[in-house]
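Reading through the structure tokens given below for one structure.
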Amino acid sequence: MPAPRGDQSSNTRHANDPHNSAYIKYLNDMEKTTSHHRRQFSIGSSRDPKAKKHICIATCNRADYSKLGPIMKAVFEDEDLVLSVIVLGCHLIDDYGSTYRYIEQDGIPIDSRLHTIVRGEDEAAMVESIGLSMVKLPDVLLRLRPDVLIVHGDRFDALSLATSAALMNIRIVHVEGGEVSGTIDDMIRHSITKLSHYHICCTERAHSRLLAMCEDNDRILLAGCTSYDKLLTTNTQDCRAVLDKWIGPESEPRDYILALQHPVTTNIRHSIKMFGLMLDALLEFKKRVIILFPNIDAGSKEMTRLIRLKGIENHPLCRTAKHIPFEEFTILTANAGLMIGNSSAGVREAGAFGTPVINLGSRQTGRETGENVLHCREADTMQKIYHSLKIQYQRQFPSSFIYGDGHALPRILKFLKSINLQGEIQKKFVFPPMPESPSRDIDHILETQSALAVDLGGTHLRVAVVSSEGNVLHIVSHPSPTSNEERIELILKLLVEQSKKAVELNCRVLGVGVSTGGRVNPTEGVVMHSTDSLKGWDEIDLRTPISSFLHLPVWVDNDGNCSALGERKFGAGKGLDNFICIATGTGIGGGIVLDGKLIHGSNFCAAELGHIKVSMDGPDCLCGSQGCLEAYCSGSALTREAKALHADGQLLVDGMTLEPKEDVSAKHLIQAYKTGNEKAKAVIELGAKAMSTGIISLLHTLNPSKLILCGVLGPLYANMIRTYIKDHGLPSATKVDIIVSELHEPALLGAASLVLEYTTRRTY
């Protein structure tokens with residue numbers, strides 16, 4: 001009684017004969033495999049289990065083994081990894097060369113042989129083969145229990161592997177995803193990509209396509225093709241023995257054609273016709289040719305029949321082969337006068353040697369190719385193919401290395417070892433920003449969405465819990481520490497305290513926003529450098545320690561920019577596309593919003609408004625220059641002048657006193673000004689004049705609709721600035737609306753807005 005369809009191939013029909021030598025060899029091979037795994041797992045049992053990853057690699061046919069074989073060897077030889085190998089598909093079929101034997105010859109133990117091919121070579125047989133694979137694979141995967149399964153490419157066998165592993169919560173690494181070839185292979189390849197957790201790709205374009213398919217960039221390795229590691233080190237000039245074996249004893253390099261064509265399952269009839277036309281053209285061309293049999297896709301049976309009908313196997317100039325070992329195939333490719341067909345080898349491996357290629361039909365449409373490839377996409381007449389042969393035969397092209405540089409394996413091993421087995425198995429996709437769909441959740445209704453906001457200035461450090469409506473729900477303030485270590489330590493301490501307070505207040509913290517003095521790279525969350533008001537606050541990565549400590553997303557920006565963001569979100573800048581915010585305090589900062597966007601500048605130095613020059617030889621500024629606006633009108637400048645007046649006995653007037661050990665500061669100068677001290681009045685008016693001079697330059701340059709004065713000194717200077725601009729500005733500049741901010745903590749609220757605005761995907 002015949003065996004059920006697909007359960008056995010011809011190479012296993014003798015398996016029940018105990019006297020058969022192949023059967024005895026099979027038993028010996030199984031014993032070797034079992035011994036190998038006893039050795040591997042006995043070693044692993046005496047070590048930390050976290051030190052070893054169990055990598056399972058599944059190979060389906062001769063083509064994918066040329067890519068997966070080097071990975072198998074590297075994993076097998078690595079003492080930190082455990083290898084399991086599953087062999088299925090065409091490897092186990094005599095008609096396709098029983099290519100599993102080459103795996104054994106390479107010294108790689110096979111853990112499981114699965115006969116999964118349902119013969120018939122039509123569309124229904126392909127579907128049944130997938131189903132048969134998925135029936136058999138669960139038992140194997142349960143027995144092996146791998147941490148990671150590696151699958152390759154775009155074959156239907158690989159789709160069944162990926163589907164089974166995904167449903168069994170096994171991490172999948174897909175090799176050669178992101179490529180395009182123009183047939184149903186694309187659909188299968190991209191389906192495997194979506195099922196896979198990690199990706200090893202060969203080209204920049206493949207990498208870009210994976211990102212476009214919403215895959216996580218952190219889980220993609222651009223390694224190059226592993227076959228290049230071997231083919232670039234193969235001595236292709238030592239070719240005599242290979243040519244004698246496959247072409248004939250009288251053959252010479254570049255004096256033969258290598259033909260390899262597979263069915264196109266989306267248009268089987270046309271691909272069979274095209275195969276026949278290719279054979280006719282090759283016979284007419286009258287050159288030596290070796291023709292490899294096609295793969296097992298639907299239509300391959302008819303193509304094999306054509307080979308026999310046309311007498312190819314008995315033709316004096318023709319040789320045929322079911323399979324050629326990869327190293328020998330590499331030598332044949334390098335020395336061929338031409339490769340013709342629709343195999344990926346023509347657009348990948350052949351390019352490394354500059355071998356001329358004729359690519360027939362649509363099977364490789366979309367692949368990246370070197371100049372060695374001539375496309376004959378229609379290939380609907382024998383004359384068209386024959387003419388292509390005349391153009392390409394024995395031409396020599398420069399080598400191209402689109403698909404690899406010969407160093408893929410070290411990258412892949414490092415990548416495999418970096419896979420975190422403790423992380424969540426559920427795959428997440430990285431979608432582009434888009435409006436969130438309406439969603440209601442009782443926890444979100446009951447909780448207050450909020451942000452933790454930090455404002456680090458030259459005098460004080462403030463940390464607050466800020467609601468999405470801009471209410472400061474809780475705030476703590478400390479004097480600013482003097483060393484970087486103390487600053488970061490205090491920031492983390494206060495953030496932890498405020499996190500606990502947020503829980504008490506039933507707040508859901510969305511992230512941390514940091515406003516700090518100095519020039520800031522908001523993209524990296526790094527303070528690049530600062531003035532002496534925050535001495536030594538240079539090259540400080542704020543995002544990493546805060547994010548690692550609190551496990552929350554962190555945004556960082558300059559305090560002046562944050563003041564502008566605070567005004568735009570909660571204050572006088574709300575709804576405006578063009579305005580300038582000037583932040584007054586220990587120093588002078590600011591932010592500029594133009595066309596609805598906060599301006600950072602080419603290297604994050606925009607809106608350093610405190611360092612606009614208003615005098616060529618004015619007082620020294622903390623930035624190291626002279627005559628800056630900040631040197632006249634900032635809190636530190638007023639403190640400097642107050643101390644000078646006090647030293648001359650000209651600061652205190654009737655009704656003013658100093659407490660014992662109280663330091664003279666800007667507040668005493670302002671108090672003296674308000675009580676009629678002419679010396680103090682002159683200092684304040686000079687400061688207002690300096691600020692007005694800088695503002696006029698900004699108004700004439702940027703023409704904003706509104707100018708907002710923030711901070712403690714805003715109300716002091718506002719009227720004097722309005723008067724000065726009216727008297728000295730251009731008529732168009734005098735129309736600007738100059739107002740004093742009503743926000744008590746604009747920089748702190750701006751830091752919170754960095755977090756809160758992100759939840760609506762607003763771009764700064």
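For the structure tokens, the naming scheme is as follows: chains receive sequential letters (A, B, ...) according to their order of presentation, residues are indexed from 1 within each chain, and ligands are indexed from 1 in presentation order.
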Subject >> In range 513-563 of chain A, DSSP strand (DSSP E) residues written as number ranges by chain >> reply: A: 513-516, 519-521, 526-529, 540-541, 554-558
Write a file of the selected residues as a PDB file, in the first residue's frame, keeping C-alpha atoms.
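Just written: again01.pdb:
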```pdb
ATOM      1  CA  GLY A 513      10.666  67.667  31.782  1.00  0.00           C
ATOM      2  CA  VAL A 514      13.856  69.517  32.727  1.00  0.00           C
ATOM      3  CA  SER A 515      14.513  73.227  32.320  1.00  0.00           C
ATOM      4  CA  THR A 516      18.145  74.155  32.887  1.00  0.00           C
ATOM      5  CA  ARG A 519      23.169  75.537  25.995  1.00  0.00           C
ATOM      6  CA  VAL A 520      21.167  72.313  25.647  1.00  0.00           C
ATOM      7  CA  ASN A 521      20.911  69.667  22.942  1.00  0.00           C
ATOM      8  CA  VAL A 526      22.579  66.864  27.081  1.00  0.00           C
ATOM      9  CA  VAL A 527      23.700  70.204  28.562  1.00  0.00           C
ATOM     10  CA  MET A 528      26.518  71.186  26.209  1.00  0.00           C
ATOM     11  CA  HIS A 529      27.962  74.038  28.264  1.00  0.00           C
ATOM     12  CA  ILE A 540      26.131  66.744  31.224  1.00  0.00           C
ATOM     13  CA  ASP A 541      23.812  63.938  30.108  1.00  0.00           C
ATOM     14  CA  VAL A 554      12.726  62.510  29.904  1.00  0.00           C
ATOM     15  CA  TRP A 555      12.856  65.772  27.911  1.00  0.00           C
ATOM     16  CA  VAL A 556      15.457  68.499  28.485  1.00  0.00           C
ATOM     17  CA  ASP A 557      15.722  72.067  27.167  1.00  0.00           C
ATOM     18  CA  ASN A 558      17.209  75.449  27.969  1.00  0.00           C
TER      19      ASN A 558
END
```
Per residue of range 352-465 of chain A within 9 Å of range 496-502 of chain A, what are the shortest atom pair and its distance in Å to one decimal, counting only C-alpha atoms, with rows by chain and residue number, as CSV?
```
residue,atom,partner,partner_atom,distance
A:Ser450,CA,A:Ala502,CA,8.3
A:Leu452,CA,A:Gln498,CA,7.4
A:Val463,CA,A:Gln498,CA,7.4
A:Ala464,CA,A:Gln498,CA,6.7
A:Val465,CA,A:Gln498,CA,6.6
```
Subject >> Length of the CA of Leu622 in chain A to CA of Leu652 in chain A vector [Å] >> reply: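 Taking CA of Leu622 in chain A and CA of Leu652 in chain A, their separation equals 26.7 Å.
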Subject >> Closest of A:Asn719, A:Ser84, A:Ser133, A:Thr459 to Val118 in chain A - atom-to-atom distances counting only C-alpha atoms >> reply: A:Ser133
Env of His323 in chain A: 10 Å cut, atoms = only C-alpha atoms, seq-sep filter 5 positions within chain, self excluded. Answer as a PDB file with N, CA and C atoms, in the first residue's frame.
```
ATOM      1  N   ARG A  62      18.621  23.815  -0.474  1.00  0.00           N
ATOM      2  CA  ARG A  62      20.039  24.046  -0.757  1.00  0.00           C
ATOM      3  C   ARG A  62      20.383  25.534  -0.730  1.00  0.00           C
ATOM      4  N   ALA A  63      19.447  26.389  -1.171  1.00  0.00           N
ATOM      5  CA  ALA A  63      19.732  27.819  -1.261  1.00  0.00           C
ATOM      6  C   ALA A  63      19.862  28.444   0.116  1.00  0.00           C
ATOM      7  N   ASP A  95      15.015  13.623  -5.465  1.00  0.00           N
ATOM      8  CA  ASP A  95      14.930  14.349  -6.737  1.00  0.00           C
ATOM      9  C   ASP A  95      15.622  15.706  -6.673  1.00  0.00           C
ATOM     10  N   TYR A  96      15.808  16.221  -5.474  1.00  0.00           N
ATOM     11  CA  TYR A  96      16.460  17.520  -5.303  1.00  0.00           C
ATOM     12  C   TYR A  96      17.830  17.378  -4.652  1.00  0.00           C
ATOM     13  N   GLY A  97      18.385  16.177  -4.727  1.00  0.00           N
ATOM     14  CA  GLY A  97      19.777  15.969  -4.348  1.00  0.00           C
ATOM     15  C   GLY A  97      20.017  15.490  -2.941  1.00  0.00           C
ATOM     16  N   SER A  98      18.950  15.254  -2.150  1.00  0.00           N
ATOM     17  CA  SER A  98      19.131  14.844  -0.738  1.00  0.00           C
ATOM     18  C   SER A  98      20.219  15.692  -0.069  1.00  0.00           C
ATOM     19  N   THR A  99      20.033  16.976  -0.129  1.00  0.00           N
ATOM     20  CA  THR A  99      21.100  17.913   0.255  1.00  0.00           C
ATOM     21  C   THR A  99      21.349  17.976   1.757  1.00  0.00           C
ATOM     22  N   LEU A 292      20.907  23.866 -13.813  1.00  0.00           N
ATOM     23  CA  LEU A 292      20.458  23.323 -12.531  1.00  0.00           C
ATOM     24  C   LEU A 292      18.953  23.124 -12.575  1.00  0.00           C
ATOM     25  N   PHE A 293      18.505  22.035 -11.979  1.00  0.00           N
ATOM     26  CA  PHE A 293      17.073  21.783 -11.916  1.00  0.00           C
ATOM     27  C   PHE A 293      16.409  22.845 -11.030  1.00  0.00           C
ATOM     28  N   PRO A 294      15.151  23.180 -11.326  1.00  0.00           N
ATOM     29  CA  PRO A 294      14.456  24.219 -10.535  1.00  0.00           C
ATOM     30  C   PRO A 294      14.111  23.723  -9.139  1.00  0.00           C
ATOM     31  N   PHE A 329      29.780  25.789  -6.428  1.00  0.00           N
ATOM     32  CA  PHE A 329      28.897  26.707  -7.154  1.00  0.00           C
ATOM     33  C   PHE A 329      29.529  28.098  -7.236  1.00  0.00           C
TER      34      PHE A 329
END
```
Subject >> All residues 8 Å or closer to range 232-238 of chain A, only C-alpha atoms, same chain fewer than 5 positions away omitted, as a ChimeraX atom specification >> reply: /A:327,330-331,334-335,352,406
Give me the residues near Asp255 in chain A as a PDB file with all heavy atoms, in the first residue's frame, where near means some atom within 8 Å (using only C-alpha atoms) and where sequence neighbours in that chain fewer than 5 positions away do not count.
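Output below, filename result.pdb:
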```
ATOM      1  N   LYS A 287      26.914  27.110 -26.946  1.00  0.00           N
ATOM      2  CA  LYS A 287      28.022  27.185 -25.993  1.00  0.00           C
ATOM      3  C   LYS A 287      27.787  26.147 -24.905  1.00  0.00           C
ATOM      4  O   LYS A 287      26.659  25.678 -24.695  1.00  0.00           O
ATOM      5  CB  LYS A 287      28.114  28.581 -25.356  1.00  0.00           C
ATOM      6  CG  LYS A 287      28.281  29.715 -26.351  1.00  0.00           C
ATOM      7  CD  LYS A 287      29.598  29.648 -27.095  1.00  0.00           C
ATOM      8  CE  LYS A 287      29.733  30.819 -28.074  1.00  0.00           C
ATOM      9  NZ  LYS A 287      30.976  30.712 -28.881  1.00  0.00           N
ATOM     10  N   ARG A 288      28.881  25.793 -24.229  1.00  0.00           N
ATOM     11  CA  ARG A 288      28.738  24.859 -23.115  1.00  0.00           C
ATOM     12  C   ARG A 288      27.817  25.479 -22.055  1.00  0.00           C
ATOM     13  O   ARG A 288      27.903  26.680 -21.761  1.00  0.00           O
ATOM     14  CB  ARG A 288      30.092  24.562 -22.478  1.00  0.00           C
ATOM     15  CG  ARG A 288      31.030  23.748 -23.366  1.00  0.00           C
ATOM     16  CD  ARG A 288      32.348  23.532 -22.636  1.00  0.00           C
ATOM     17  NE  ARG A 288      33.268  22.757 -23.441  1.00  0.00           N
ATOM     18  CZ  ARG A 288      33.340  21.425 -23.442  1.00  0.00           C
ATOM     19  NH1 ARG A 288      32.526  20.740 -22.660  1.00  0.00           N
ATOM     20  NH2 ARG A 288      34.212  20.790 -24.200  1.00  0.00           N
ATOM     21  N   ALA A 336      32.263  31.677 -14.798  1.00  0.00           N
ATOM     22  CA  ALA A 336      31.307  31.527 -15.901  1.00  0.00           C
ATOM     23  C   ALA A 336      31.420  32.687 -16.879  1.00  0.00           C
ATOM     24  O   ALA A 336      31.704  33.828 -16.504  1.00  0.00           O
ATOM     25  CB  ALA A 336      29.883  31.436 -15.350  1.00  0.00           C
ATOM     26  N   GLY A 337      31.176  32.380 -18.146  1.00  0.00           N
ATOM     27  CA  GLY A 337      31.089  33.449 -19.138  1.00  0.00           C
ATOM     28  C   GLY A 337      29.777  34.178 -19.050  1.00  0.00           C
ATOM     29  O   GLY A 337      29.636  35.302 -19.538  1.00  0.00           O
ATOM     30  N   GLN A 394      30.567  36.547 -21.959  1.00  0.00           N
ATOM     31  CA  GLN A 394      32.005  36.786 -21.766  1.00  0.00           C
ATOM     32  C   GLN A 394      32.365  38.254 -21.544  1.00  0.00           C
ATOM     33  O   GLN A 394      33.542  38.612 -21.623  1.00  0.00           O
ATOM     34  CB  GLN A 394      32.807  36.226 -22.942  1.00  0.00           C
ATOM     35  CG  GLN A 394      32.798  34.699 -22.997  1.00  0.00           C
ATOM     36  CD  GLN A 394      33.700  34.139 -24.059  1.00  0.00           C
ATOM     37  OE1 GLN A 394      33.975  34.793 -25.063  1.00  0.00           O
ATOM     38  NE2 GLN A 394      34.175  32.911 -23.860  1.00  0.00           N
TER      39      GLN A 394
END
```
As an mmCIF file with C-alpha atoms, in the first residue's frame, which residues of range 179-403 of chain A does DSSP assign to alpha helix (DSSP H)?
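Result written to result_17.cif:
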```cif
data_model
loop_
_atom_site.group_PDB
_atom_site.id
_atom_site.type_symbol
_atom_site.label_atom_id
_atom_site.label_comp_id
_atom_site.auth_asym_id
_atom_site.auth_seq_id
_atom_site.Cartn_x
_atom_site.Cartn_y
_atom_site.Cartn_z
ATOM 1 C CA ILE A 184 4.605 35.962 -4.285
ATOM 2 C CA ASP A 185 7.945 35.595 -2.489
ATOM 3 C CA ASP A 186 7.491 39.238 -1.413
ATOM 4 C CA MET A 187 4.238 38.446 0.361
ATOM 5 C CA ILE A 188 5.760 35.456 2.119
ATOM 6 C CA ARG A 189 8.944 37.335 3.045
ATOM 7 C CA HIS A 190 7.067 40.319 4.462
ATOM 8 C CA SER A 191 4.681 38.018 6.339
ATOM 9 C CA ILE A 192 7.664 36.351 8.004
ATOM 10 C CA THR A 193 9.004 39.815 8.830
ATOM 11 C CA LYS A 194 5.805 40.686 10.687
ATOM 12 C CA LEU A 195 5.966 37.403 12.626
ATOM 13 C CA GLU A 204 20.722 49.652 3.363
ATOM 14 C CA ARG A 205 17.522 49.571 1.303
ATOM 15 C CA ALA A 206 16.363 46.409 3.040
ATOM 16 C CA HIS A 207 17.018 48.138 6.373
ATOM 17 C CA SER A 208 14.982 51.159 5.276
ATOM 18 C CA ARG A 209 12.099 48.945 4.155
ATOM 19 C CA LEU A 210 12.031 47.172 7.514
ATOM 20 C CA LEU A 211 11.776 50.552 9.238
ATOM 21 C CA ALA A 212 9.004 51.551 6.819
ATOM 22 C CA THR A 226 26.692 35.473 5.198
ATOM 23 C CA SER A 227 27.413 33.784 1.881
ATOM 24 C CA TYR A 228 29.811 36.649 1.102
ATOM 25 C CA ASP A 229 31.930 35.639 4.100
ATOM 26 C CA LYS A 230 32.672 32.387 2.307
ATOM 27 C CA LEU A 231 32.633 33.372 -1.353
ATOM 28 C CA ARG A 240 40.316 23.085 -12.784
ATOM 29 C CA ALA A 241 38.900 20.235 -10.711
ATOM 30 C CA VAL A 242 35.489 21.909 -10.416
ATOM 31 C CA LEU A 243 35.256 22.627 -14.145
ATOM 32 C CA ASP A 244 36.227 19.040 -14.968
ATOM 33 C CA LYS A 245 33.570 17.744 -12.578
ATOM 34 C CA TRP A 246 30.632 19.883 -13.687
ATOM 35 C CA ILE A 268 3.118 29.425 -13.763
ATOM 36 C CA ARG A 269 2.132 29.071 -17.436
ATOM 37 C CA HIS A 270 4.228 32.044 -18.517
ATOM 38 C CA SER A 271 7.248 30.938 -16.455
ATOM 39 C CA ILE A 272 7.146 27.465 -18.045
ATOM 40 C CA LYS A 273 6.972 29.063 -21.500
ATOM 41 C CA MET A 274 9.880 31.374 -20.627
ATOM 42 C CA PHE A 275 11.930 28.397 -19.402
ATOM 43 C CA GLY A 276 11.356 26.633 -22.716
ATOM 44 C CA LEU A 277 12.391 29.753 -24.641
ATOM 45 C CA MET A 278 15.551 29.990 -22.550
ATOM 46 C CA LEU A 279 16.448 26.371 -23.327
ATOM 47 C CA ASP A 280 15.856 26.990 -27.044
ATOM 48 C CA ALA A 281 18.026 30.107 -26.985
ATOM 49 C CA LEU A 282 20.833 28.264 -25.185
ATOM 50 C CA LEU A 283 20.746 25.410 -27.710
ATOM 51 C CA GLU A 284 20.807 27.932 -30.552
ATOM 52 C CA PHE A 285 23.718 29.825 -28.942
ATOM 53 C CA SER A 300 8.793 22.756 -11.358
ATOM 54 C CA LYS A 301 7.524 19.353 -12.566
ATOM 55 C CA GLU A 302 6.607 20.816 -15.969
ATOM 56 C CA MET A 303 9.975 22.588 -16.212
ATOM 57 C CA THR A 304 11.810 19.334 -15.468
ATOM 58 C CA ARG A 305 9.703 17.645 -18.160
ATOM 59 C CA LEU A 306 10.814 20.317 -20.662
ATOM 60 C CA ILE A 307 14.471 19.542 -19.920
ATOM 61 C CA ARG A 308 13.864 15.930 -20.847
ATOM 62 C CA LEU A 309 11.608 16.648 -23.841
ATOM 63 C CA PHE A 326 28.088 26.067 -2.421
ATOM 64 C CA GLU A 327 31.873 26.332 -2.633
ATOM 65 C CA GLU A 328 31.879 24.605 -6.039
ATOM 66 C CA PHE A 329 28.897 26.707 -7.154
ATOM 67 C CA THR A 330 30.886 29.819 -6.134
ATOM 68 C CA ILE A 331 33.825 28.742 -8.309
ATOM 69 C CA LEU A 332 31.513 28.018 -11.244
ATOM 70 C CA THR A 333 29.821 31.426 -10.829
ATOM 71 C CA ALA A 334 33.132 33.299 -10.659
ATOM 72 C CA ASN A 335 34.488 31.622 -13.799
ATOM 73 C CA SER A 344 18.765 35.367 -6.696
ATOM 74 C CA ALA A 345 22.331 34.081 -7.127
ATOM 75 C CA GLY A 346 22.476 36.119 -10.318
ATOM 76 C CA VAL A 347 21.768 39.401 -8.565
ATOM 77 C CA MET A 382 13.496 33.198 -28.150
ATOM 78 C CA GLN A 383 15.092 35.945 -30.283
ATOM 79 C CA LYS A 384 14.979 38.411 -27.389
ATOM 80 C CA ILE A 385 16.769 35.975 -25.077
ATOM 81 C CA TYR A 386 19.242 35.005 -27.817
ATOM 82 C CA HIS A 387 20.075 38.677 -28.422
ATOM 83 C CA SER A 388 20.662 39.133 -24.678
ATOM 84 C CA LEU A 389 23.080 36.191 -24.753
ATOM 85 C CA LYS A 390 25.063 37.820 -27.557
ATOM 86 C CA ILE A 391 25.260 41.103 -25.631
ATOM 87 C CA GLN A 392 26.318 39.677 -22.268
#
```
Original post:
Using only C-alpha atoms, which of the listed residues (A:Ala408, A:Ile150, A:Ala321, A:Cys56) sits closest to Ala223 in chain A?
Top reply: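 The shortest atom-to-atom distance to Ala223 in chain A comes from A:Ala408.
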**OP:** Give me the residues within 10 Å of Lys569 in chain A as a ChimeraX atom specification, counting only C-alpha atoms and dropping any in the same chain fewer than 5 places off.
**Re:** /A:468-470,563-564,574-575,746,749-750,752-754,756-757
Generate the output file for the selected residues, all heavy atoms, as a short mmCIF file (atom, residue, chain, number, x, y, z; two decimals), in the first residue's frame.
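Done, and the output landed in result_25.cif:
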```cif
data_model
loop_
_atom_site.label_atom_id
_atom_site.label_comp_id
_atom_site.auth_asym_id
_atom_site.auth_seq_id
_atom_site.Cartn_x
_atom_site.Cartn_y
_atom_site.Cartn_z
N SER A 468 -1.99 68.54 33.68
CA SER A 468 -2.11 68.85 32.26
C SER A 468 -2.79 70.19 32.02
O SER A 468 -2.70 70.74 30.92
CB SER A 468 -2.89 67.74 31.55
OG SER A 468 -4.16 67.56 32.16
N GLU A 469 -3.48 70.74 33.04
CA GLU A 469 -4.09 72.06 32.92
C GLU A 469 -3.13 73.18 33.31
O GLU A 469 -3.49 74.35 33.26
CB GLU A 469 -5.35 72.17 33.79
CG GLU A 469 -6.52 71.33 33.30
CD GLU A 469 -6.35 69.86 33.62
OE1 GLU A 469 -5.66 69.56 34.63
OE2 GLU A 469 -6.88 69.02 32.87
N GLY A 470 -1.90 72.84 33.72
CA GLY A 470 -0.93 73.85 34.10
C GLY A 470 -0.97 74.24 35.56
O GLY A 470 -0.36 75.25 35.95
N SER A 563 10.64 78.71 29.13
CA SER A 563 9.75 79.82 29.46
C SER A 563 8.81 80.12 28.29
O SER A 563 7.61 80.34 28.47
CB SER A 563 10.56 81.07 29.81
OG SER A 563 11.29 80.87 31.01
N ALA A 564 9.38 80.10 27.06
CA ALA A 564 8.55 80.34 25.88
C ALA A 564 7.52 79.23 25.71
O ALA A 564 6.36 79.49 25.38
CB ALA A 564 9.44 80.44 24.64
N LYS A 574 -0.37 81.58 24.17
CA LYS A 574 -1.30 80.54 23.72
C LYS A 574 -2.01 80.98 22.44
O LYS A 574 -2.60 82.06 22.39
CB LYS A 574 -2.32 80.26 24.83
CG LYS A 574 -3.06 78.95 24.67
CD LYS A 574 -3.83 78.61 25.95
CE LYS A 574 -4.47 77.24 25.85
NZ LYS A 574 -5.15 76.86 27.11
N GLY A 575 -1.95 80.15 21.42
CA GLY A 575 -2.61 80.44 20.16
C GLY A 575 -1.83 81.33 19.23
O GLY A 575 -2.28 81.62 18.11
N PRO A 746 7.06 80.23 34.77
CA PRO A 746 6.97 79.90 33.33
C PRO A 746 7.95 78.81 32.89
O PRO A 746 7.60 77.94 32.09
CB PRO A 746 7.27 81.24 32.65
CG PRO A 746 7.97 82.07 33.67
CD PRO A 746 7.42 81.65 35.00
N LEU A 749 6.68 75.47 34.15
CA LEU A 749 5.53 75.04 33.37
C LEU A 749 5.95 74.63 31.95
O LEU A 749 5.38 73.72 31.35
CB LEU A 749 4.49 76.15 33.31
CG LEU A 749 3.80 76.48 34.64
CD1 LEU A 749 2.89 77.69 34.49
CD2 LEU A 749 2.99 75.28 35.14
N GLY A 750 6.96 75.32 31.42
CA GLY A 750 7.47 74.94 30.11
C GLY A 750 8.12 73.57 30.12
O GLY A 750 7.97 72.78 29.18
N ALA A 752 7.23 71.19 32.08
CA ALA A 752 6.09 70.26 32.10
C ALA A 752 5.48 70.12 30.72
O ALA A 752 5.06 69.03 30.31
CB ALA A 752 5.05 70.74 33.11
N SER A 753 5.42 71.23 29.96
CA SER A 753 4.81 71.17 28.63
C SER A 753 5.61 70.31 27.67
O SER A 753 5.05 69.76 26.72
CB SER A 753 4.64 72.59 28.06
OG SER A 753 5.86 73.08 27.54
N LEU A 754 6.93 70.18 27.89
CA LEU A 754 7.73 69.26 27.08
C LEU A 754 7.14 67.87 27.12
O LEU A 754 7.10 67.14 26.12
CB LEU A 754 9.18 69.22 27.57
CG LEU A 754 10.05 70.46 27.34
CD1 LEU A 754 11.35 70.33 28.13
CD2 LEU A 754 10.35 70.63 25.86
N LEU A 756 3.85 67.14 28.42
CA LEU A 756 2.41 67.14 28.16
C LEU A 756 2.09 67.35 26.68
O LEU A 756 1.15 66.76 26.16
CB LEU A 756 1.74 68.22 29.01
CG LEU A 756 1.91 68.03 30.53
CD1 LEU A 756 1.42 69.27 31.27
CD2 LEU A 756 1.17 66.79 31.00
N GLU A 757 2.89 68.17 26.00
CA GLU A 757 2.65 68.39 24.57
C GLU A 757 2.94 67.14 23.77
O GLU A 757 2.35 66.90 22.72
CB GLU A 757 3.50 69.55 24.06
CG GLU A 757 3.02 70.91 24.49
CD GLU A 757 1.80 71.35 23.69
OE1 GLU A 757 1.81 71.23 22.46
OE2 GLU A 757 0.83 71.80 24.31
#
```
**OP:** May I ask which of the residues A:Leu699, A:Leu446, A:Leu748, A:Val712 is the closest one to Ile670 in chain A, counting only C-alpha atoms?
**Re:** A:Val712
Subject >> Interatomic distance (Å, one decimal) between CA of Asn295 in chain A and CA of Gly120 in chain A >> reply: 12.7 Å
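Near range 75-81 of chain A, within 7 Å and counting only C-alpha atoms, sit Ala51, Lys52, Lys53, His54, Ile55, Ile71, Met72, Lys73 and Leu83 of chain A; same-chain residues fewer than 2 positions away were not included.
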**OP:** Calculate how many Å separate CA of Cys225 in chain A from CA of Arg319 in chain A, rounding to one decimal.
**Re:** 29.0 Å
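Each of A:His460, A:Arg395, A:Lys674, A:His478 was checked against Thr355 in chain A using only C-alpha atoms; the smallest atom-to-atom distance is that of A:Arg395.
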Taking only C-alpha atoms into account, produce a table as CSV in which each residue of range 157-230 of chain A with an atom at most 7 Å from an atom of range 360-374 of chain A appears once, together with its shortest atom pair and the distance in Å to one decimal, ordered by chain and rising number.
```
residue,atom,partner,partner_atom,distance
A:Glu179,CA,A:Arg367,CA,6.8
A:Val180,CA,A:Gly366,CA,5.0
A:Ser181,CA,A:Gln364,CA,4.2
A:Gly182,CA,A:Thr365,CA,4.7
A:Thr183,CA,A:Arg363,CA,5.5
```
